[in-house]
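**Q** Got a structure for you, final_29.tsv, holding TSV, C-alpha atoms.
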chain	number	residue	atom	x	y	z
A	280	MET	CA	108.49	88.94	86.19
A	281	PHE	CA	106.88	90.54	83.18
A	282	LEU	CA	103.56	89.07	82.20
A	283	LYS	CA	104.46	86.58	79.46
A	284	GLY	CA	100.98	85.68	78.29
A	285	ILE	CA	97.47	86.16	79.52
A	286	PHE	CA	96.44	82.59	78.97
A	287	SER	CA	99.67	80.69	79.51
A	288	GLY	CA	98.33	78.10	81.89
A	289	ILE	CA	96.25	80.83	83.55
A	290	VAL	CA	99.20	81.07	85.91
A	291	PHE	CA	100.19	84.57	84.91
A	292	LEU	CA	98.63	85.67	88.19
A	293	ILE	CA	101.90	84.80	89.89
A	294	GLY	CA	103.49	87.80	88.26
A	295	ILE	CA	100.67	90.09	87.24
A	296	SER	CA	100.75	92.20	90.38
A	297	LEU	CA	104.42	92.99	89.72
A	298	THR	CA	104.06	93.66	86.00
A	299	LEU	CA	103.57	97.40	86.32
A	300	THR	CA	106.12	97.69	89.10
A	301	THR	CA	108.89	96.07	87.11
A	302	PHE	CA	107.90	98.33	84.23
A	303	ALA	CA	109.48	101.11	86.28
A	304	MET	CA	112.18	99.35	88.29
A	305	SER	CA	113.81	96.13	89.36
A	306	ALA	CA	113.39	94.86	92.89
A	307	GLU	CA	117.14	94.64	93.31
A	308	ALA	CA	117.52	98.40	92.98
A	309	LYS	CA	114.43	99.57	94.86
A	310	HIS	CA	116.35	101.09	97.74
A	311	LYS	CA	118.56	103.05	95.33
A	312	THR	CA	116.01	104.17	92.74
A	313	LYS	CA	112.83	104.68	94.75
A	314	ALA	CA	112.86	108.40	94.06
A	315	ALA	CA	113.07	107.80	90.32
A	316	VAL	CA	110.18	105.35	90.06
A	317	SER	CA	107.56	107.83	88.93
A	318	THR	CA	109.81	109.37	86.30
A	319	GLU	CA	111.58	106.37	84.79
A	320	VAL	CA	108.76	105.82	82.33
A	321	ILE	CA	109.44	109.24	80.82
A	322	SER	CA	113.22	109.08	80.87
A	323	GLN	CA	115.00	110.38	77.82
A	324	GLN	CA	111.98	112.57	77.01
A	325	GLN	CA	111.92	116.34	76.87
A	326	ALA	CA	108.29	116.52	77.95
A	327	PRO	CA	106.14	114.26	80.14
A	328	LEU	CA	104.29	111.55	78.25
A	329	THR	CA	100.53	111.45	78.15
A	330	PRO	CA	98.67	108.59	79.86
A	331	THR	CA	98.05	107.03	76.45
A	332	GLN	CA	101.75	107.24	75.58
A	333	ARG	CA	102.70	105.67	78.92
A	334	LEU	CA	100.32	102.80	78.22
A	335	ALA	CA	101.93	102.38	74.81
A	336	VAL	CA	105.36	102.17	76.47
A	337	LEU	CA	104.07	99.52	78.88
A	338	THR	CA	102.62	97.36	76.13
A	339	SER	CA	105.22	98.00	73.42
A	340	ASN	CA	107.18	94.80	74.04
A	341	TYR	CA	104.17	92.66	74.85
A	342	GLN	CA	103.67	89.70	72.53
A	343	LYS	CA	99.99	88.93	72.05
A	344	ILE	CA	98.91	85.37	72.70
A	345	CYS	CA	95.21	85.14	71.92
A	346	THR	CA	95.14	85.88	68.19
A	347	SER	CA	93.22	82.90	66.75
A	348	ASP	CA	89.44	82.73	66.40
A	349	PRO	CA	89.16	79.62	68.63
A	350	CYS	CA	91.05	81.41	71.39
A	351	LYS	CA	88.88	84.50	71.04
A	352	ASN	CA	85.75	82.36	71.21
A	353	GLN	CA	87.02	80.71	74.38
A	354	PHE	CA	87.84	84.12	75.81
A	355	THR	CA	84.22	85.13	75.21
A	356	GLN	CA	83.10	82.15	77.27
A	357	LEU	CA	85.62	82.98	80.00
A	358	LYS	CA	84.27	86.50	80.09
A	359	LYS	CA	80.84	85.04	80.82
A	360	TYR	CA	82.16	83.40	83.98
A	361	GLY	CA	83.76	86.70	84.90
A	362	ARG	CA	80.36	88.37	84.79
A	363	TRP	CA	78.99	85.55	86.89
A	364	GLY	CA	81.52	86.44	89.56
A	365	ASP	CA	84.58	84.21	89.06
A	366	ALA	CA	87.47	86.37	90.26
A	367	LYS	CA	90.22	84.66	88.26
A	368	SER	CA	88.22	85.07	85.04
A	369	GLN	CA	87.61	88.71	85.87
A	370	LEU	CA	91.32	89.37	86.27
A	371	VAL	CA	92.09	87.58	82.98
A	372	VAL	CA	89.52	89.75	81.20
A	373	ALA	CA	90.92	92.93	82.80
A	374	SER	CA	94.44	92.06	81.66
A	375	ALA	CA	93.20	91.24	78.17
A	376	TYR	CA	91.68	94.70	77.83
A	377	LEU	CA	94.76	96.32	79.33
A	378	TYR	CA	97.08	94.70	76.78
A	379	GLY	CA	94.61	94.39	73.91
A	380	ASP	CA	95.12	90.63	73.76
A	381	GLY	CA	92.17	88.79	72.24
A	382	VAL	CA	90.11	91.98	72.33
A	383	GLU	CA	90.58	95.57	71.28
A	384	GLN	CA	92.64	97.44	73.85
A	385	ASP	CA	90.33	99.48	76.08
A	386	ILE	CA	91.69	101.02	79.29
A	387	ASP	CA	88.21	101.98	80.53
A	388	LYS	CA	87.03	98.38	80.28
A	389	ALA	CA	90.28	97.21	81.85
A	390	ILE	CA	89.66	99.45	84.86
A	391	SER	CA	86.04	98.33	85.04
A	392	TRP	CA	87.03	94.67	85.16
A	393	LEU	CA	89.82	95.39	87.64
A	394	LYS	CA	87.26	96.99	89.93
A	395	ARG	CA	85.00	93.95	89.60
A	396	THR	CA	87.91	91.77	90.67
A	397	ALA	CA	89.07	94.10	93.44
A	398	TYR	CA	85.67	94.32	95.10
A	399	ASN	CA	84.74	90.69	94.53
A	400	THR	CA	83.80	89.22	97.91
A	401	SER	CA	83.34	85.58	96.88
A	402	SER	CA	85.14	82.92	98.89
A	403	ASN	CA	87.95	82.34	96.37
A	404	ALA	CA	88.48	85.95	95.35
A	405	ALA	CA	90.91	87.26	97.99
A	406	LYS	CA	94.25	86.87	96.21
A	407	TYR	CA	92.85	88.03	92.87
A	408	SER	CA	91.29	91.04	94.59
A	409	LEU	CA	94.68	92.05	95.98
A	410	HIS	CA	96.32	91.67	92.56
A	411	ALA	CA	93.65	93.90	91.04
A	412	PHE	CA	94.03	96.61	93.68
A	413	ASN	CA	97.80	96.59	93.11
A	414	ILE	CA	97.47	96.95	89.35
A	415	MET	CA	95.03	99.85	89.72
A	416	ALA	CA	97.32	101.50	92.26
A	417	GLN	CA	100.24	101.32	89.82
A	418	LEU	CA	98.17	102.63	86.92
A	419	TYR	CA	96.91	105.65	88.87
A	420	GLN	CA	100.22	106.27	90.62
A	421	LYS	CA	102.16	106.47	87.37
A	422	GLY	CA	99.37	107.79	85.14
A	423	ILE	CA	99.46	104.80	82.78
A	424	GLY	CA	96.41	104.87	80.52
A	425	VAL	CA	94.59	107.06	83.04
A	426	GLU	CA	95.13	110.50	84.50
A	427	GLN	CA	97.50	110.37	87.43
A	428	ASP	CA	95.58	110.30	90.71
A	429	LEU	CA	97.90	109.91	93.68
A	430	SER	CA	95.08	110.16	96.20
A	431	LEU	CA	93.26	107.20	94.66
A	432	ALA	CA	96.50	105.27	94.23
A	433	ASN	CA	97.36	105.77	97.90
A	434	LYS	CA	93.87	104.65	98.89
A	435	TYR	CA	94.43	101.37	97.04
A	436	LEU	CA	97.94	100.99	98.47
A	437	ASP	CA	96.68	101.55	102.02
A	438	ARG	CA	94.09	98.87	101.46
A	439	LEU	CA	96.81	96.48	100.29
A	440	ALA	CA	98.92	97.23	103.35
A	441	ASP	CA	95.94	96.63	105.63
A	442	LYS	CA	95.52	93.23	103.96
A	443	ASN	CA	99.23	92.42	104.50
A	444	TYR	CA	99.93	92.31	100.78
A	445	GLY	CA	103.61	91.36	100.55
A	446	PRO	CA	104.77	93.52	97.61
A	447	GLU	CA	103.28	96.68	99.13
A	448	LEU	CA	104.73	95.98	102.58
A	449	PHE	CA	108.08	95.38	100.88
A	450	ASP	CA	107.91	98.76	99.14
A	451	ARG	CA	106.99	100.46	102.40
A	452	ALA	CA	109.95	98.85	104.12
A	453	PHE	CA	112.42	100.46	101.74
A	454	ALA	CA	110.58	103.78	101.92
A	455	GLU	CA	111.18	103.67	105.68
A	456	PHE	CA	114.84	102.74	105.15
A	457	ASP	CA	115.20	105.80	102.92
A	458	GLN	CA	113.99	107.89	105.88
A	459	ASN	CA	116.38	106.06	108.26
A	460	ASN	CA	113.41	104.50	110.04
A	461	ILE	CA	115.18	101.17	110.30
A	462	THR	CA	112.97	99.60	112.97
A	463	GLN	CA	109.75	100.30	111.09
A	464	GLY	CA	111.33	99.16	107.83
A	465	ILE	CA	112.32	95.82	109.37
A	466	THR	CA	108.81	95.44	110.79
A	467	TYR	CA	107.35	95.85	107.30
A	468	LEU	CA	109.82	93.31	105.92
A	469	GLU	CA	108.87	90.83	108.63
A	470	GLN	CA	105.19	91.31	107.88
A	471	ALA	CA	105.84	90.80	104.17
A	472	SER	CA	107.80	87.65	104.95
A	473	GLU	CA	104.96	86.35	107.10
A	474	SER	CA	102.65	86.84	104.11
A	475	ASN	CA	105.01	84.52	102.16
A	476	PHE	CA	106.54	87.21	99.97
A	477	ASP	CA	109.84	85.53	99.10
A	478	GLU	CA	111.71	88.72	98.29
A	479	ALA	CA	111.16	90.04	101.80
A	480	SER	CA	112.35	86.79	103.39
A	481	TYR	CA	115.45	86.84	101.19
A	482	TYR	CA	116.34	90.43	102.10
A	483	LEU	CA	115.87	89.72	105.80
A	484	ALA	CA	118.16	86.71	105.46
A	485	ARG	CA	120.82	88.85	103.77
A	486	MET	CA	120.51	91.53	106.43
A	487	TYR	CA	120.93	89.07	109.32
A	488	GLN	CA	123.73	87.29	107.49
A	489	GLN	CA	125.72	90.45	106.85
A	490	GLY	CA	124.68	92.47	109.90
A	491	ASN	CA	123.27	95.32	107.81
A	492	PHE	CA	121.14	97.70	109.95
A	493	ILE	CA	120.68	94.94	112.54
A	494	THR	CA	122.82	92.70	114.70
A	495	LYS	CA	124.29	89.82	112.75
A	496	ASP	CA	122.49	86.56	113.51
A	497	ILE	CA	123.31	83.60	111.24
A	498	ASN	CA	120.62	81.43	112.82
A	499	LYS	CA	117.91	83.93	111.95
A	500	ALA	CA	119.46	84.33	108.51
A	501	ALA	CA	119.32	80.56	108.06
A	502	SER	CA	115.66	80.49	109.10
A	503	TYR	CA	114.73	83.07	106.46
A	504	TYR	CA	116.78	81.31	103.78
A	505	GLN	CA	115.02	78.09	104.75
A	506	LYS	CA	111.67	79.68	103.85
A	507	VAL	CA	112.74	80.60	100.32
A	508	VAL	CA	114.91	77.56	99.56
A	509	LYS	CA	111.66	75.65	99.22
A	510	GLN	CA	110.83	77.96	96.32
A	511	ASP	CA	114.35	77.67	94.88
A	512	TYR	CA	114.59	81.46	95.21
A	513	LYS	CA	117.72	83.06	93.74
A	514	ASP	CA	120.91	81.80	95.42
A	515	SER	CA	119.22	80.96	98.73
A	516	ARG	CA	120.31	77.32	98.56
A	517	GLN	CA	123.99	78.18	98.20
A	518	ARG	CA	123.77	80.78	100.95
A	519	LEU	CA	122.03	78.39	103.32
A	520	GLU	CA	124.65	75.72	102.66
A	521	ALA	CA	127.39	78.24	103.49
A	522	LEU	CA	125.61	79.22	106.72
A	523	ILE	CA	125.26	75.60	107.78
A	524	THR	CA	129.01	75.16	107.33
A	525	GLU	CA	129.63	78.28	109.42
A	526	MET	CA	127.25	77.07	112.13
A	527	GLU	CA	128.99	73.69	112.29
A	528	GLU	CA	132.38	75.38	112.60
A	529	ASN	CA	131.12	77.57	115.45
A	530	SER	CA	129.46	74.71	117.32
A	531	SER	CA	132.65	73.82	119.19
A	532	THR	CA	132.22	76.89	121.39
A	533	LEU	CA	128.69	75.98	122.51
A	534	THR	CA	127.64	74.44	125.80
A	535	HIS	CA	126.33	70.89	125.82
A	536	ALA	CA	122.67	71.98	125.93
A	537	ALA	CA	123.16	74.65	123.26
A	538	LEU	CA	125.05	72.21	121.06
A	539	ALA	CA	122.17	69.73	121.11
A	540	GLU	CA	119.74	72.48	120.12
A	541	GLU	CA	122.09	73.68	117.36
A	542	LYS	CA	122.48	70.18	115.94
A	543	SER	CA	118.71	69.76	115.86
A	544	PHE	CA	118.34	73.08	114.01
A	545	ILE	CA	121.05	72.15	111.50
A	546	SER	CA	119.38	68.80	110.93
A	547	LYS	CA	116.13	70.57	110.02
A	548	LEU	CA	117.96	72.89	107.67
A	549	ASN	CA	119.63	69.96	105.92
A	550	ALA	CA	116.27	68.25	105.62
A	551	THR	CA	114.97	71.32	103.79
A	552	LEU	CA	117.95	71.21	101.43
A	553	ASP	CA	117.20	67.54	100.72
A	554	ILE	CA	113.69	68.33	99.50
A	555	GLU	CA	113.50	67.86	95.75
A	556	ILE	CA	112.65	71.07	93.95
A	557	ILE	CA	110.37	70.55	90.99
A	558	THR	CA	110.48	73.46	88.58
A	559	VAL	CA	107.28	73.96	86.64
A	560	ASN	CA	107.44	75.65	83.27
A	561	HIS	CA	104.32	77.80	83.30
A	562	HIS	CA	104.56	78.44	79.58
A	563	VAL	CA	104.61	74.85	78.34
A	564	MET	CA	100.86	74.78	77.90
A	565	ASP	CA	99.76	76.83	74.90
A	566	SER	CA	97.02	79.42	75.27
A	567	LYS	CA	94.31	77.29	73.68
A	568	SER	CA	95.02	74.31	75.95
A	569	ALA	CA	95.11	76.57	79.00
A	570	MET	CA	91.81	78.20	78.10
A	571	THR	CA	90.25	74.80	77.45
A	572	ALA	CA	91.40	73.51	80.84
A	573	GLN	CA	90.19	76.63	82.64
A	574	LEU	CA	86.78	76.54	80.99
A	575	ALA	CA	86.42	72.82	81.73
A	576	GLN	CA	87.07	73.52	85.39
A	577	LEU	CA	84.56	76.34	85.46
A	578	ARG	CA	81.88	74.23	83.77
A	579	LYS	CA	82.22	71.66	86.53
A	580	ILE	CA	81.17	74.26	89.07
A	581	LYS	CA	78.80	76.13	86.79
A	582	SER	CA	75.83	75.56	89.08
A	583	LYS	CA	77.30	77.81	91.76
A	584	PHE	CA	77.12	80.76	89.35
A	585	SER	CA	73.51	80.22	88.29
A	586	ALA	CA	71.07	82.83	89.49
A	587	PRO	CA	67.31	82.33	89.99
A	588	THR	CA	66.44	85.28	87.78
A	589	GLY	CA	64.42	85.61	84.63
A	590	SER	CA	66.01	85.80	81.21
A	591	ARG	CA	65.95	88.90	79.08
A	592	ILE	CA	66.87	86.90	76.00
A	593	ARG	CA	64.02	85.60	73.89
A	594	GLY	CA	63.90	81.84	73.86
A	595	ARG	CA	66.03	81.49	77.02
A	596	THR	CA	64.60	80.37	80.32
A	597	CYS	CA	65.81	81.05	83.84
A	598	GLY	CA	69.43	80.04	84.38
A	599	GLN	CA	70.15	79.56	80.65
A	600	THR	CA	71.51	83.00	79.93
A	601	SER	CA	75.17	83.91	80.16
A	602	ASN	CA	74.52	86.68	82.63
A	603	ALA	CA	73.08	86.53	86.12
A	604	TYR	CA	71.63	90.06	85.70
A	605	LYS	CA	72.35	91.17	89.22
A	606	SER	CA	73.17	94.55	87.70
A	607	SER	CA	73.83	94.45	84.01
A	608	SER	CA	75.74	97.09	82.11
A	609	GLU	CA	75.21	97.74	78.42
A	610	GLU	CA	78.41	95.80	77.76
A	611	ASP	CA	77.09	92.83	79.75
A	612	ILE	CA	73.82	92.76	77.83
A	613	GLU	CA	75.58	93.06	74.48
A	614	ASP	CA	77.96	90.24	75.41
A	615	ALA	CA	75.05	88.06	76.46
A	616	ARG	CA	73.42	88.60	73.07
A	617	ASN	CA	76.65	87.67	71.31
A	618	GLU	CA	77.02	84.48	73.34
A	619	ASN	CA	73.36	83.51	72.97
A	620	PRO	CA	72.27	84.79	69.53
A	621	LEU	CA	68.57	85.10	68.85
A	622	PRO	CA	67.11	82.37	66.64
A	623	ALA	CA	66.25	83.34	63.09
A	624	TYR	CA	62.47	83.53	63.07
Go through the file and emit its structure as structure tokens.
**A**
Amino acid sequence: MFLKGIFSGIVFLIGISLTLTTFAMSAEAKHKTKAAVSTEVISQQQAPLTPTQRLAVLTSNYQKICTSDPCKNQFTQLKKYGRWGDAKSQLVVASAYLYGDGVEQDIDKAISWLKRTAYNTSSNAAKYSLHAFNIMAQLYQKGIGVEQDLSLANKYLDRLADKNYGPELFDRAFAEFDQNNITQGITYLEQASESNFDEASYYLARMYQQGNFITKDINKAASYYQKVVKQDYKDSRQRLEALITEMEENSSTLTHAALAEEKSFISKLNATLDIEIITVNHHVMDSKSAMTAQLAQLRKIKSKFSAPTGSRIRGRTCGQTSNAYKSSSEEDIEDARNENPLPAY
């Protein structure tokens, strides 16, 4: 789930919210290593690492994508749409500054752009906002690039939980399991599953299949596997096929009415298995092509970003500048000058 490339089809958002989490642990071992999460980054060290050193560890194996001048020029244009309020562009820019990809690495600017994304209230911003809050929570929780601030991290995590953000609810479930609060843990897993977090659905399926912590129920297990089979998640297909076989073998003990209901359920499960799974390689498109496609899409809806404000750039009229100037920082103004250079008089 590591972030493979900022601009690889602009689909890195699928994994970006888990990037910093997997930096410290794998999901498979969460319930065993939860207590070690905050210290794994400094394992094998005699003294705690500084925030800068932790950031270096995070980015040490990252392969930069946007290294060519054309890509950097396109990134500059994408940044413009980020300032205009496009949440996806804002998150791309934040990640670029975090990893130093296409721009000089700058954690302060990364945080600034993450905040823009997190507090973006536009109609299409919700999922990107949640990703941004999660990244900031992980940075402040582990002290990566910034001074550790558990209070602020918990504030962001509480916000994610309130918004039913699957990964955070999943983490809370295993924290409850560690405290033997099984009922509350299962409730969190169910909420995460309802928010379409596949990992939660898969764990619930395994729990009902094996009877771990809860009463064994192969029908409920099958229902949860059915949700993730559509995503071709792990070995869910094989497990669902095995459960269907078990259900068919047990059907001889059912009453006539129950048997009819069971056969209908099995038929629906088989229909799910018959759905063709198309696997999309998110890294087929190179960074330049992805940037070009993203910018083309944004240009089609450019009018929605235009603001009826005056221009601060000589020679530019209202709506022609690269910044809406709702509240412009020094960085915004400097970027606008770079994108719209003054004519040589």
**Q** Can you pull out the residues contacting range 448-465 of chain A? Cut-off 7 Å, using all atoms listed in the file, and skip same-chain residues under 6 positions away; I want them as number ranges by chain.
**A** A: 310, 440, 471, 479, 492
**Q** Give me the residues near Ser347 in chain A as a list of chain:residue names, where near means some atom within 12 Å (using all atoms listed in the file) and where sequence neighbours in that chain fewer than 2 positions away do not count.
**A**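 Surrounding residues, per the criterion: A:Lys343, A:Ile344, A:Cys345, A:Pro349, A:Cys350, A:Lys351, A:Asn352, A:Gln353, A:Phe354, A:Asp380, A:Gly381, A:Val382, A:Ser566, A:Lys567.
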**Q** Please measure the separation of CA of Ala411 in chain A and CA of Lys394 in chain A, giving the value in Å to one decimal.
**A**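 Going from CA of Ala411 in chain A over to CA of Lys394 in chain A, I get 7.2 Å.
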**Q** Between A:Ile390, A:Ile493, A:Leu357, A:Leu436, which residue has the minimum interatomic distance to Gln573 in chain A, considering all atoms listed in the file?
**A** A:Leu357
**Q** Using CA of Tyr467 in chain A and CA of Thr551 in chain A as the two end points, give the distance in Å to one decimal.
**A**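 Distance reported for this atom pair: 25.9 Å.
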**Q** CA of Tyr341 in chain A to CA of Tyr512 in chain A: how many Å, to one decimal?
**A** 25.5 Å
**Q** Within 6 Å of (85.1, 90.0, 78.2), in the coordinates the file gives, what residues turn up when you count all atoms listed in the file, written out as a PyMOL selection string?
**A** chain A and resi 355+358+372
**Q** Using all atoms listed in the file, can you tell me which of A:Gln488, A:Ser480, A:Thr346, A:Thr338 comes closest to Gln505 in chain A?
**A**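 Selected residue with least distance to Gln505 in chain A: A:Ser480.
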